[in-house]
file upload22.cif (mmCIF, C-alpha atoms)
data_entry
loop_
_atom_site.label_atom_id
_atom_site.label_comp_id
_atom_site.auth_asym_id
_atom_site.auth_seq_id
_atom_site.Cartn_x
_atom_site.Cartn_y
_atom_site.Cartn_z
CA MET X 1 -15.83 42.26 -1.89
CA SER X 2 -18.20 42.28 1.06
CA SER X 3 -16.88 42.19 4.62
CA SER X 4 -16.97 38.97 6.63
CA SER X 5 -20.06 38.05 8.60
CA SER X 6 -20.36 36.10 11.83
CA SER X 7 -23.23 34.15 10.26
CA LEU X 8 -20.94 32.69 7.58
CA PRO X 9 -18.32 29.97 8.06
CA THR X 10 -14.60 30.78 8.09
CA PRO X 11 -12.20 28.15 6.72
CA SER X 12 -10.11 26.73 9.55
CA GLY X 13 -7.16 25.86 7.34
CA PHE X 14 -5.93 24.36 4.11
CA SER X 15 -3.80 21.44 3.03
CA VAL X 16 -2.43 20.43 -0.34
CA LEU X 17 -1.46 16.83 -1.09
CA VAL X 18 1.11 16.40 -3.83
CA SER X 19 2.12 13.13 -5.49
CA ALA X 20 3.27 12.36 -9.01
CA ALA X 21 4.50 9.54 -11.21
CA THR X 22 8.00 11.04 -10.90
CA PHE X 23 7.95 10.78 -7.07
CA LYS X 24 9.52 7.33 -7.11
CA PHE X 25 12.90 5.69 -6.67
CA ASN X 26 14.40 2.21 -6.48
CA LEU X 27 16.69 1.25 -3.61
CA ALA X 28 18.45 -1.93 -2.56
CA HIS X 29 18.72 -2.36 1.20
CA PHE X 30 18.62 -4.63 4.20
CA VAL X 31 17.43 -3.73 7.68
CA ALA X 32 19.85 -4.75 10.44
CA TYR X 33 19.81 -4.36 14.20
CA LYS X 34 21.13 -6.31 17.18
CA GLY X 35 20.54 -10.00 16.49
CA PHE X 36 18.83 -9.58 13.13
CA ARG X 37 19.64 -8.92 9.49
CA GLU X 38 17.53 -9.16 6.36
CA ARG X 39 18.90 -10.43 3.11
CA LEU X 40 19.81 -7.82 0.54
CA HIS X 41 16.73 -6.99 -1.53
CA GLY X 42 15.03 -3.95 -3.03
CA HIS X 43 11.85 -1.89 -3.22
CA ASN X 44 10.17 0.55 -5.57
CA TYR X 45 9.45 3.50 -3.27
CA LYS X 46 6.75 6.13 -3.84
CA LEU X 47 6.74 9.52 -2.11
CA SER X 48 3.93 11.94 -1.29
CA ILE X 49 3.86 15.19 0.66
CA GLU X 50 1.02 17.12 2.27
CA LEU X 51 1.50 20.74 3.34
CA PHE X 52 -0.74 22.50 5.88
CA GLY X 53 -1.42 26.17 6.51
CA PRO X 54 -4.17 28.42 7.88
CA ARG X 55 -4.60 30.49 4.71
CA ILE X 56 -4.06 30.85 1.00
CA SER X 57 -1.74 33.57 -0.26
CA SER X 58 -2.58 36.48 -2.56
CA ASP X 59 -1.89 34.29 -5.61
CA GLY X 60 -4.62 31.87 -4.52
CA TYR X 61 -2.21 29.06 -3.60
CA VAL X 62 -1.13 27.43 -0.37
CA LEU X 63 1.96 26.61 -2.47
CA ASP X 64 2.31 26.12 -6.21
CA PHE X 65 2.14 22.40 -7.04
CA GLY X 66 4.85 22.88 -9.65
CA VAL X 67 7.38 24.08 -7.07
CA VAL X 68 6.74 21.05 -4.86
CA LYS X 69 6.93 18.65 -7.81
CA SER X 70 10.26 20.04 -8.98
CA VAL X 71 11.91 19.64 -5.57
CA CYS X 72 10.49 16.18 -4.82
CA LYS X 73 11.38 14.88 -8.28
CA ALA X 74 15.00 15.98 -7.80
CA VAL X 75 15.22 14.39 -4.34
CA CYS X 76 13.83 11.09 -5.64
CA LYS X 77 16.21 11.11 -8.60
CA SER X 78 19.20 11.51 -6.27
CA LEU X 79 18.29 8.25 -4.48
CA ASN X 80 17.25 6.20 -7.50
CA GLU X 81 19.10 2.95 -8.30
CA HIS X 82 21.42 2.91 -5.29
CA VAL X 83 22.21 0.66 -2.36
CA ILE X 84 21.37 2.65 0.76
CA ILE X 85 24.06 2.42 3.46
CA PRO X 86 23.05 3.50 7.00
CA GLN X 87 25.98 5.52 8.36
CA LYS X 88 24.75 5.42 11.97
CA SER X 89 24.11 1.70 12.31
CA ASP X 90 25.51 0.06 15.44
CA VAL X 91 25.71 -3.38 13.76
CA LEU X 92 27.38 -2.47 10.44
CA ASP X 93 31.05 -1.61 9.99
CA VAL X 94 31.42 0.59 6.91
CA ARG X 95 34.84 1.57 5.58
CA ASP X 96 36.87 2.01 2.40
CA LEU X 97 38.06 -1.19 0.76
CA GLU X 98 41.82 -1.40 1.25
CA GLY X 99 43.66 -0.91 -2.02
CA LYS X 100 40.49 0.11 -3.84
CA GLU X 101 39.15 3.29 -2.28
CA ASP X 102 36.42 3.72 -4.89
CA HIS X 103 34.71 0.75 -3.20
CA VAL X 104 33.23 0.34 0.27
CA ILE X 105 33.21 -2.79 2.42
CA VAL X 106 30.27 -3.40 4.76
CA THR X 107 30.77 -6.01 7.50
CA CYS X 108 27.64 -7.17 9.33
CA GLU X 109 27.17 -8.40 12.89
CA ASP X 110 26.58 -11.95 11.62
CA GLY X 111 29.93 -11.96 9.79
CA CYS X 112 28.57 -11.42 6.27
CA VAL X 113 30.57 -9.02 4.12
CA PHE X 114 29.38 -6.90 1.18
CA VAL X 115 31.56 -4.93 -1.23
CA PHE X 116 29.94 -2.16 -3.30
CA PRO X 117 31.26 0.49 -5.69
CA LYS X 118 30.87 3.85 -3.94
CA LYS X 119 29.13 5.30 -7.00
CA ASP X 120 26.35 2.73 -6.50
CA CYS X 121 25.82 3.65 -2.82
CA TYR X 122 23.70 6.27 -1.10
CA PHE X 123 25.31 6.97 2.27
CA ALA X 124 22.50 8.06 4.59
CA GLU X 125 22.71 9.54 8.09
CA ILE X 126 20.29 6.95 9.47
CA ALA X 127 20.64 3.85 11.67
CA HIS X 128 18.18 1.57 9.85
CA SER X 129 17.05 1.66 6.22
CA THR X 130 13.35 1.49 7.13
CA VAL X 131 10.66 3.61 5.46
CA GLU X 132 10.27 5.43 8.78
CA GLU X 133 13.88 6.61 8.96
CA ILE X 134 14.14 7.23 5.21
CA SER X 135 11.05 9.47 5.57
CA LEU X 136 12.80 11.55 8.23
CA MET X 137 15.79 11.94 5.93
CA LEU X 138 13.54 12.93 3.02
CA TYR X 139 11.88 15.63 5.15
CA GLY X 140 15.23 17.36 5.56
CA ARG X 141 16.09 17.12 1.87
CA ILE X 142 12.69 18.45 0.81
CA MET X 143 12.71 21.31 3.33
CA GLU X 144 16.15 22.31 2.09
CA GLY X 145 14.87 22.35 -1.49
CA LEU X 146 11.63 24.23 -0.81
CA GLY X 147 13.15 26.73 1.61
CA VAL X 148 11.76 26.95 5.14
CA GLY X 149 11.58 30.76 4.99
CA LYS X 150 9.40 30.61 1.89
CA LEU X 151 7.06 28.05 3.48
CA LEU X 152 6.67 30.01 6.72
CA GLY X 153 6.13 33.20 4.72
CA ARG X 154 3.13 31.54 3.11
CA GLY X 155 1.82 30.34 6.47
CA ILE X 156 2.74 26.66 5.97
CA ASP X 157 3.41 25.33 9.46
CA ARG X 158 3.64 21.55 9.07
CA VAL X 159 4.05 18.82 6.48
CA VAL X 160 3.29 15.11 6.26
CA ILE X 161 5.74 12.91 4.38
CA GLY X 162 4.30 9.65 3.03
CA LEU X 163 6.56 6.87 1.77
CA SER X 164 5.46 3.46 0.49
CA GLU X 165 7.71 0.52 -0.32
CA ALA X 166 5.00 -1.84 -1.59
CA LEU X 167 1.24 -1.99 -1.98
CA GLY X 168 -0.31 -1.62 1.48
CA GLN X 169 3.02 -0.79 3.17
CA GLU X 170 3.38 2.93 3.80
CA SER X 171 4.79 5.16 6.52
CA THR X 172 3.61 8.71 7.21
CA VAL X 173 5.26 11.23 9.52
CA GLU X 174 3.98 14.70 10.46
CA ILE X 175 6.65 17.29 11.23
CA PRO X 176 6.39 21.04 11.97
CA VAL X 177 8.08 23.61 9.74
CA VAL X 178 10.54 25.42 12.03
CA GLU X 179 12.28 28.74 11.46
CA GLY X 180 16.04 28.42 11.09
CA PHE X 181 15.89 24.74 10.13
CA ASP X 182 19.24 23.33 9.02
CA ARG X 183 19.25 20.01 7.17
CA GLU X 184 22.79 19.03 8.20
CA GLU X 185 22.00 19.71 11.87
CA TRP X 186 18.76 17.71 11.49
CA GLU X 187 20.75 14.69 10.33
CA ARG X 188 23.68 15.19 12.72
CA THR X 189 21.37 15.17 15.77
CA GLY X 190 19.57 12.02 14.66
CA PHE X 191 16.49 13.98 13.56
CA ASN X 192 16.38 15.86 16.85
CA GLY X 193 16.64 12.66 18.87
CA PHE X 194 14.06 10.56 17.02
CA LEU X 195 16.68 8.20 15.62
CA LYS X 196 16.62 4.97 17.61
CA ARG X 197 19.17 2.19 17.85
CA GLY X 198 18.58 -1.37 18.94
CA GLY X 199 19.15 -2.05 22.61
CA GLY X 200 20.48 -5.10 24.40
CA LYS X 201 22.55 -8.03 23.22
CA VAL X 202 20.37 -10.60 21.44
CA GLU X 203 21.46 -13.91 19.96
CA PHE X 204 21.50 -13.82 16.15
CA LYS X 205 18.66 -16.06 14.92
CA GLY X 206 18.87 -15.88 11.14
CA ILE X 207 17.82 -13.85 8.15
CA SER X 208 14.32 -12.97 7.02
CA CYS X 209 12.23 -10.15 5.62
CA GLY X 210 9.30 -10.28 7.99
CA ARG X 211 7.43 -7.16 6.87
CA CYS X 212 7.82 -6.95 3.11
CA GLY X 213 6.61 -10.49 2.35
CA CYS X 214 9.28 -11.03 -0.28
CA GLN X 215 10.16 -14.52 1.02
CA CYS X 216 13.83 -13.57 1.12
CA GLY X 217 14.69 -15.48 4.30
CA GLU X 218 14.56 -18.92 5.80
CA GLY X 219 13.18 -18.02 9.21
CA LYS X 220 11.86 -15.22 11.38
CA GLY X 221 14.48 -13.01 12.94
CA LYS X 222 14.16 -11.99 16.57
CA GLY X 223 15.24 -8.63 17.86
CA GLY X 224 15.22 -6.81 21.14
CA GLY X 225 15.15 -3.37 22.68
CA GLU X 226 13.77 -0.35 20.86
CA GLY X 227 14.74 -1.76 17.46
CA GLY X 228 13.43 -5.22 18.20
CA GLU X 229 10.28 -5.56 16.11
CA THR X 230 10.53 -8.72 14.02
CA GLY X 231 11.09 -8.05 10.34
CA GLY X 232 11.99 -4.89 8.50
CA SER X 233 10.99 -2.51 5.78
#

call {"tool": "encode", "arguments": {"input": "upload22.cif", "output": "structure tokens"}}
result
Amino acid sequence: MSSSSSSLPTPSGFSVLVSAATFKFNLAHFVAYKGFRERLHGHNYKLSIELFGPRISSDGYVLDFGVVKSVCKAVCKSLNEHVIIPQKSDVLDVRDLEGKEDHVIVTCEDGCVFVFPKKDCYFAEIAHSTVEEISLMLYGRIMEGLGVGKLLGRGIDRVVIGLSEALGQESTVEIPVVEGFDREEWERTGFNGFLKRGGGKVEFKGISCGRCGCQCGEGKGKGGGEGGETGGS
């Protein structure tokens, strides 16, 4: 192979975008923050991941598509057909149902109460079950499955997680790949401080699903503080 020449271009970097029919899961949820709660409803979520690096390895890959597909498929399967319960919500009280510890009781700020079998729940270290926060959780699960050391060894330095809940409604988040990453620490620290909770006491105005367009409420909710955008994912 001839040596490089200054008169020829040098690739500045590579990315691989991976999505598949198996990168999907169904979740029931409701977004809740100070002064607002959606009705319980569900979405069919679709995941994608893009990995970036400055080079290809000696096998010709940035990373084998098959490896990425295997990990993402397993992560999606673990969430499928559950009710997602935010463990760090400041407006939901989540505890075992007295006398029936295989069930959980969720009491909302507006006084509504839900009872679910634990086996039907996915208990997530998030504050709100939005696509944005679910994406941050998925990053940790996927990094744990792929292995940060393996990614860095191949020069992969950042990833973009894409998550859609409906046609035209998708969140993307770009996150560096960091040596020594620990998924449990990532979740315990609120995704290194990115997790936000609603601020300020706001009068409860009603129930609606302002972003998903599913007509599941009777009126627009009103929120305040950092979590105060009307509607939810």

call {"tool": "resolve_selection", "arguments": {"input": "upload22.cif", "expression": "the PyMOL selection byres ((chain X and resi 143) around 10)", "output": "PDB file with C-alpha atoms, in the frame of the given file"}}
result
ATOM      1  CA  VAL X  71      11.910  19.640  -5.570  1.00  0.00           C
ATOM      2  CA  CYS X  72      10.490  16.180  -4.820  1.00  0.00           C
ATOM      3  CA  LEU X 138      13.540  12.930   3.020  1.00  0.00           C
ATOM      4  CA  TYR X 139      11.880  15.630   5.150  1.00  0.00           C
ATOM      5  CA  GLY X 140      15.230  17.360   5.560  1.00  0.00           C
ATOM      6  CA  ARG X 141      16.090  17.120   1.870  1.00  0.00           C
ATOM      7  CA  ILE X 142      12.690  18.450   0.810  1.00  0.00           C
ATOM      8  CA  GLU X 144      16.150  22.310   2.090  1.00  0.00           C
ATOM      9  CA  GLY X 145      14.870  22.350  -1.490  1.00  0.00           C
ATOM     10  CA  LEU X 146      11.630  24.230  -0.810  1.00  0.00           C
ATOM     11  CA  GLY X 147      13.150  26.730   1.610  1.00  0.00           C
ATOM     12  CA  VAL X 148      11.760  26.950   5.140  1.00  0.00           C
ATOM     13  CA  GLY X 149      11.580  30.760   4.990  1.00  0.00           C
ATOM     14  CA  LYS X 150       9.400  30.610   1.890  1.00  0.00           C
ATOM     15  CA  LEU X 151       7.060  28.050   3.480  1.00  0.00           C
ATOM     16  CA  VAL X 159       4.050  18.820   6.480  1.00  0.00           C
ATOM     17  CA  VAL X 177       8.080  23.610   9.740  1.00  0.00           C
ATOM     18  CA  VAL X 178      10.540  25.420  12.030  1.00  0.00           C
ATOM     19  CA  PHE X 181      15.890  24.740  10.130  1.00  0.00           C
ATOM     20  CA  ASP X 182      19.240  23.330   9.020  1.00  0.00           C
ATOM     21  CA  ARG X 183      19.250  20.010   7.170  1.00  0.00           C
TER      22      ARG X 183
END

call {"tool": "atom_distance", "arguments": {"input": "upload22.cif", "atom1": "CA of Ser164 (chain X)", "atom2": "CA of Ile49 (chain X)"}}
result
11.8 Å

call {"tool": "residues_near_point", "arguments": {"input": "upload22.cif", "point": "(19.0, 11.6, 3.5)", "cutoff": "12 Å", "atoms": "only C-alpha atoms", "output": "ChimeraX atom specification"}}
result
/X:75-76,78-79,84-88,122-129,131-144,183-184,186-188,190-191

call {"tool": "atom_distance", "arguments": {"input": "upload22.cif", "atom1": "CA of Glu165 (chain X)", "atom2": "CA of Val31 (chain X)"}}
result
13.3 Å

call {"tool": "atom_distance", "arguments": {"input": "upload22.cif", "atom1": "CA of Gly13 (chain X)", "atom2": "CA of Lys69 (chain X)"}}
result
21.9 Å

call {"tool": "decode", "arguments": {"input": "upload22.cif", "residues": "region 35-178 of chain X", "atoms": "C-alpha atoms", "output": "PDB file, in the first residue's frame"}}
result
ATOM      1  CA  GLY X  35     -49.148  20.552  39.413  1.00  0.00           C
ATOM      2  CA  PHE X  36     -49.531  18.190  36.460  1.00  0.00           C
ATOM      3  CA  ARG X  37     -50.209  14.544  35.686  1.00  0.00           C
ATOM      4  CA  GLU X  38     -51.063  12.779  32.459  1.00  0.00           C
ATOM      5  CA  ARG X  39     -53.522   9.951  32.301  1.00  0.00           C
ATOM      6  CA  LEU X  40     -52.051   6.479  32.116  1.00  0.00           C
ATOM      7  CA  HIS X  41     -51.406   5.596  28.473  1.00  0.00           C
ATOM      8  CA  GLY X  42     -48.758   3.876  26.380  1.00  0.00           C
ATOM      9  CA  HIS X  43     -46.353   4.187  23.464  1.00  0.00           C
ATOM     10  CA  ASN X  44     -44.532   1.955  21.017  1.00  0.00           C
ATOM     11  CA  TYR X  45     -40.928   3.122  21.402  1.00  0.00           C
ATOM     12  CA  LYS X  46     -38.195   2.722  18.781  1.00  0.00           C
ATOM     13  CA  LEU X  47     -34.485   2.976  19.571  1.00  0.00           C
ATOM     14  CA  SER X  48     -31.480   3.876  17.431  1.00  0.00           C
ATOM     15  CA  ILE X  49     -27.817   4.387  18.268  1.00  0.00           C
ATOM     16  CA  GLU X  50     -25.019   6.152  16.407  1.00  0.00           C
ATOM     17  CA  LEU X  51     -21.385   5.574  17.383  1.00  0.00           C
ATOM     18  CA  PHE X  52     -18.553   7.960  16.456  1.00  0.00           C
ATOM     19  CA  GLY X  53     -14.810   7.427  16.197  1.00  0.00           C
ATOM     20  CA  PRO X  54     -11.807   8.832  14.330  1.00  0.00           C
ATOM     21  CA  ARG X  55     -10.811   5.559  12.665  1.00  0.00           C
ATOM     22  CA  ILE X  56     -11.749   2.068  11.604  1.00  0.00           C
ATOM     23  CA  SER X  57     -10.006  -0.871  13.255  1.00  0.00           C
ATOM     24  CA  SER X  58      -7.879  -3.555  11.601  1.00  0.00           C
ATOM     25  CA  ASP X  59     -11.009  -5.631  10.894  1.00  0.00           C
ATOM     26  CA  GLY X  60     -12.453  -2.784   8.810  1.00  0.00           C
ATOM     27  CA  TYR X  61     -15.188  -1.909  11.316  1.00  0.00           C
ATOM     28  CA  VAL X  62     -15.872   1.006  13.609  1.00  0.00           C
ATOM     29  CA  LEU X  63     -17.838  -1.661  15.507  1.00  0.00           C
ATOM     30  CA  ASP X  64     -19.538  -4.802  14.249  1.00  0.00           C
ATOM     31  CA  PHE X  65     -23.244  -4.096  13.657  1.00  0.00           C
ATOM     32  CA  GLY X  66     -24.092  -7.532  15.032  1.00  0.00           C
ATOM     33  CA  VAL X  67     -22.587  -6.737  18.443  1.00  0.00           C
ATOM     34  CA  VAL X  68     -24.603  -3.516  18.708  1.00  0.00           C
ATOM     35  CA  LYS X  69     -27.807  -5.237  17.588  1.00  0.00           C
ATOM     36  CA  SER X  70     -27.459  -8.011  20.149  1.00  0.00           C
ATOM     37  CA  VAL X  71     -27.036  -5.599  23.068  1.00  0.00           C
ATOM     38  CA  CYS X  72     -29.780  -3.167  22.014  1.00  0.00           C
ATOM     39  CA  LYS X  73     -32.244  -5.984  21.337  1.00  0.00           C
ATOM     40  CA  ALA X  74     -31.685  -7.362  24.851  1.00  0.00           C
ATOM     41  CA  VAL X  75     -32.105  -3.924  26.459  1.00  0.00           C
ATOM     42  CA  CYS X  76     -35.357  -3.308  24.574  1.00  0.00           C
ATOM     43  CA  LYS X  77     -36.690  -6.746  25.486  1.00  0.00           C
ATOM     44  CA  SER X  78     -36.089  -6.050  29.192  1.00  0.00           C
ATOM     45  CA  LEU X  79     -38.402  -3.004  29.031  1.00  0.00           C
ATOM     46  CA  ASN X  80     -41.099  -4.437  26.775  1.00  0.00           C
ATOM     47  CA  GLU X  81     -44.699  -4.660  28.041  1.00  0.00           C
ATOM     48  CA  HIS X  82     -44.177  -2.968  31.407  1.00  0.00           C
ATOM     49  CA  VAL X  83     -45.485   0.033  33.291  1.00  0.00           C
ATOM     50  CA  ILE X  84     -42.490   2.291  33.885  1.00  0.00           C
ATOM     51  CA  ILE X  85     -42.317   3.642  37.449  1.00  0.00           C
ATOM     52  CA  PRO X  86     -40.005   6.648  38.048  1.00  0.00           C
ATOM     53  CA  GLN X  87     -38.200   5.955  41.324  1.00  0.00           C
ATOM     54  CA  LYS X  88     -36.927   9.536  41.722  1.00  0.00           C
ATOM     55  CA  SER X  89     -40.183  11.407  41.194  1.00  0.00           C
ATOM     56  CA  ASP X  90     -40.962  14.129  43.731  1.00  0.00           C
ATOM     57  CA  VAL X  91     -44.732  13.857  43.124  1.00  0.00           C
ATOM     58  CA  LEU X  92     -45.230  10.071  43.268  1.00  0.00           C
ATOM     59  CA  ASP X  93     -45.203   7.978  46.436  1.00  0.00           C
ATOM     60  CA  VAL X  94     -44.192   4.415  45.530  1.00  0.00           C
ATOM     61  CA  ARG X  95     -44.290   1.623  48.103  1.00  0.00           C
ATOM     62  CA  ASP X  96     -45.236  -2.013  48.627  1.00  0.00           C
ATOM     63  CA  LEU X  97     -48.949  -2.712  48.945  1.00  0.00           C
ATOM     64  CA  GLU X  98     -49.633  -3.661  52.558  1.00  0.00           C
ATOM     65  CA  GLY X  99     -50.539  -7.324  52.865  1.00  0.00           C
ATOM     66  CA  LYS X 100     -49.612  -8.023  49.252  1.00  0.00           C
ATOM     67  CA  GLU X 101     -45.924  -7.335  48.764  1.00  0.00           C
ATOM     68  CA  ASP X 102     -45.879  -8.659  45.207  1.00  0.00           C
ATOM     69  CA  HIS X 103     -47.818  -5.499  44.284  1.00  0.00           C
ATOM     70  CA  VAL X 104     -46.842  -1.837  44.393  1.00  0.00           C
ATOM     71  CA  ILE X 105     -49.079   1.129  45.190  1.00  0.00           C
ATOM     72  CA  VAL X 106     -48.397   4.471  43.493  1.00  0.00           C
ATOM     73  CA  THR X 107     -50.043   7.550  45.027  1.00  0.00           C
ATOM     74  CA  CYS X 108     -50.011  10.721  42.928  1.00  0.00           C
ATOM     75  CA  GLU X 109     -49.943  14.368  43.960  1.00  0.00           C
ATOM     76  CA  ASP X 110     -53.560  14.796  42.801  1.00  0.00           C
ATOM     77  CA  GLY X 111     -54.721  11.957  45.073  1.00  0.00           C
ATOM     78  CA  CYS X 112     -55.101   9.293  42.378  1.00  0.00           C
ATOM     79  CA  VAL X 113     -53.896   5.830  43.356  1.00  0.00           C
ATOM     80  CA  PHE X 114     -52.641   3.027  41.093  1.00  0.00           C
ATOM     81  CA  VAL X 115     -51.944  -0.571  42.113  1.00  0.00           C
ATOM     82  CA  PHE X 116     -49.739  -2.710  39.843  1.00  0.00           C
ATOM     83  CA  PRO X 117     -48.257  -6.205  40.104  1.00  0.00           C
ATOM     84  CA  LYS X 118     -44.501  -5.774  40.570  1.00  0.00           C
ATOM     85  CA  LYS X 119     -43.819  -8.232  37.746  1.00  0.00           C
ATOM     86  CA  ASP X 120     -45.578  -5.819  35.363  1.00  0.00           C
ATOM     87  CA  CYS X 121     -43.470  -2.820  36.449  1.00  0.00           C
ATOM     88  CA  TYR X 122     -40.114  -1.488  35.310  1.00  0.00           C
ATOM     89  CA  PHE X 123     -38.661   0.505  38.207  1.00  0.00           C
ATOM     90  CA  ALA X 124     -36.432   3.168  36.650  1.00  0.00           C
ATOM     91  CA  GLU X 125     -33.975   5.535  38.350  1.00  0.00           C
ATOM     92  CA  ILE X 126     -35.536   8.563  36.664  1.00  0.00           C
ATOM     93  CA  ALA X 127     -37.782  11.421  37.822  1.00  0.00           C
ATOM     94  CA  HIS X 128     -40.064  11.631  34.777  1.00  0.00           C
ATOM     95  CA  SER X 129     -40.944   8.947  32.228  1.00  0.00           C
ATOM     96  CA  THR X 130     -40.176  11.197  29.242  1.00  0.00           C
ATOM     97  CA  VAL X 131     -38.265  10.047  26.165  1.00  0.00           C
ATOM     98  CA  GLU X 132     -35.443  12.364  27.241  1.00  0.00           C
ATOM     99  CA  GLU X 133     -34.911  10.707  30.621  1.00  0.00           C
ATOM    100  CA  ILE X 134     -35.564   7.194  29.305  1.00  0.00           C
ATOM    101  CA  SER X 135     -32.832   7.874  26.703  1.00  0.00           C
ATOM    102  CA  LEU X 136     -30.344   8.721  29.459  1.00  0.00           C
ATOM    103  CA  MET X 137     -31.231   5.481  31.224  1.00  0.00           C
ATOM    104  CA  LEU X 138     -30.838   3.509  27.982  1.00  0.00           C
ATOM    105  CA  TYR X 139     -27.364   4.981  27.433  1.00  0.00           C
ATOM    106  CA  GLY X 140     -26.197   3.423  30.693  1.00  0.00           C
ATOM    107  CA  ARG X 141     -27.736   0.040  29.921  1.00  0.00           C
ATOM    108  CA  ILE X 142     -26.252  -0.039  26.422  1.00  0.00           C
ATOM    109  CA  MET X 143     -22.790   1.070  27.570  1.00  0.00           C
ATOM    110  CA  GLU X 144     -22.846  -1.664  30.197  1.00  0.00           C
ATOM    111  CA  GLY X 145     -23.715  -4.233  27.539  1.00  0.00           C
ATOM    112  CA  LEU X 146     -21.193  -3.094  24.922  1.00  0.00           C
ATOM    113  CA  GLY X 147     -18.354  -2.514  27.382  1.00  0.00           C
ATOM    114  CA  VAL X 148     -16.789   0.934  27.600  1.00  0.00           C
ATOM    115  CA  GLY X 149     -13.253  -0.495  27.474  1.00  0.00           C
ATOM    116  CA  LYS X 150     -14.003  -2.239  24.187  1.00  0.00           C
ATOM    117  CA  LEU X 151     -15.484   0.929  22.674  1.00  0.00           C
ATOM    118  CA  LEU X 152     -12.557   3.123  23.718  1.00  0.00           C
ATOM    119  CA  GLY X 153     -10.128   0.482  22.471  1.00  0.00           C
ATOM    120  CA  ARG X 154     -11.668   0.855  19.033  1.00  0.00           C
ATOM    121  CA  GLY X 155     -11.500   4.650  19.225  1.00  0.00           C
ATOM    122  CA  ILE X 156     -15.241   5.201  19.752  1.00  0.00           C
ATOM    123  CA  ASP X 157     -15.488   8.394  21.792  1.00  0.00           C
ATOM    124  CA  ARG X 158     -19.179   9.334  21.750  1.00  0.00           C
ATOM    125  CA  VAL X 159     -22.619   7.963  20.970  1.00  0.00           C
ATOM    126  CA  VAL X 160     -26.012   9.397  20.085  1.00  0.00           C
ATOM    127  CA  ILE X 161     -29.090   7.657  21.471  1.00  0.00           C
ATOM    128  CA  GLY X 162     -32.310   8.231  19.521  1.00  0.00           C
ATOM    129  CA  LEU X 163     -35.689   7.295  20.970  1.00  0.00           C
ATOM    130  CA  SER X 164     -39.084   7.866  19.352  1.00  0.00           C
ATOM    131  CA  GLU X 165     -42.472   7.373  20.985  1.00  0.00           C
ATOM    132  CA  ALA X 166     -44.608   8.179  17.928  1.00  0.00           C
ATOM    133  CA  LEU X 167     -44.226   9.338  14.349  1.00  0.00           C
ATOM    134  CA  GLY X 168     -42.518  12.741  14.404  1.00  0.00           C
ATOM    135  CA  GLN X 169     -41.778  12.609  18.153  1.00  0.00           C
ATOM    136  CA  GLU X 170     -38.166  11.659  18.835  1.00  0.00           C
ATOM    137  CA  SER X 171     -35.471  12.636  21.312  1.00  0.00           C
ATOM    138  CA  THR X 172     -31.736  12.393  20.626  1.00  0.00           C
ATOM    139  CA  VAL X 173     -28.937  12.816  23.144  1.00  0.00           C
ATOM    140  CA  GLU X 174     -25.185  12.860  22.464  1.00  0.00           C
ATOM    141  CA  ILE X 175     -22.984  11.552  25.280  1.00  0.00           C
ATOM    142  CA  PRO X 176     -19.210  10.931  25.442  1.00  0.00           C
ATOM    143  CA  VAL X 177     -17.809   7.470  26.106  1.00  0.00           C
ATOM    144  CA  VAL X 178     -15.820   7.821  29.341  1.00  0.00           C
TER     145      VAL X 178
END
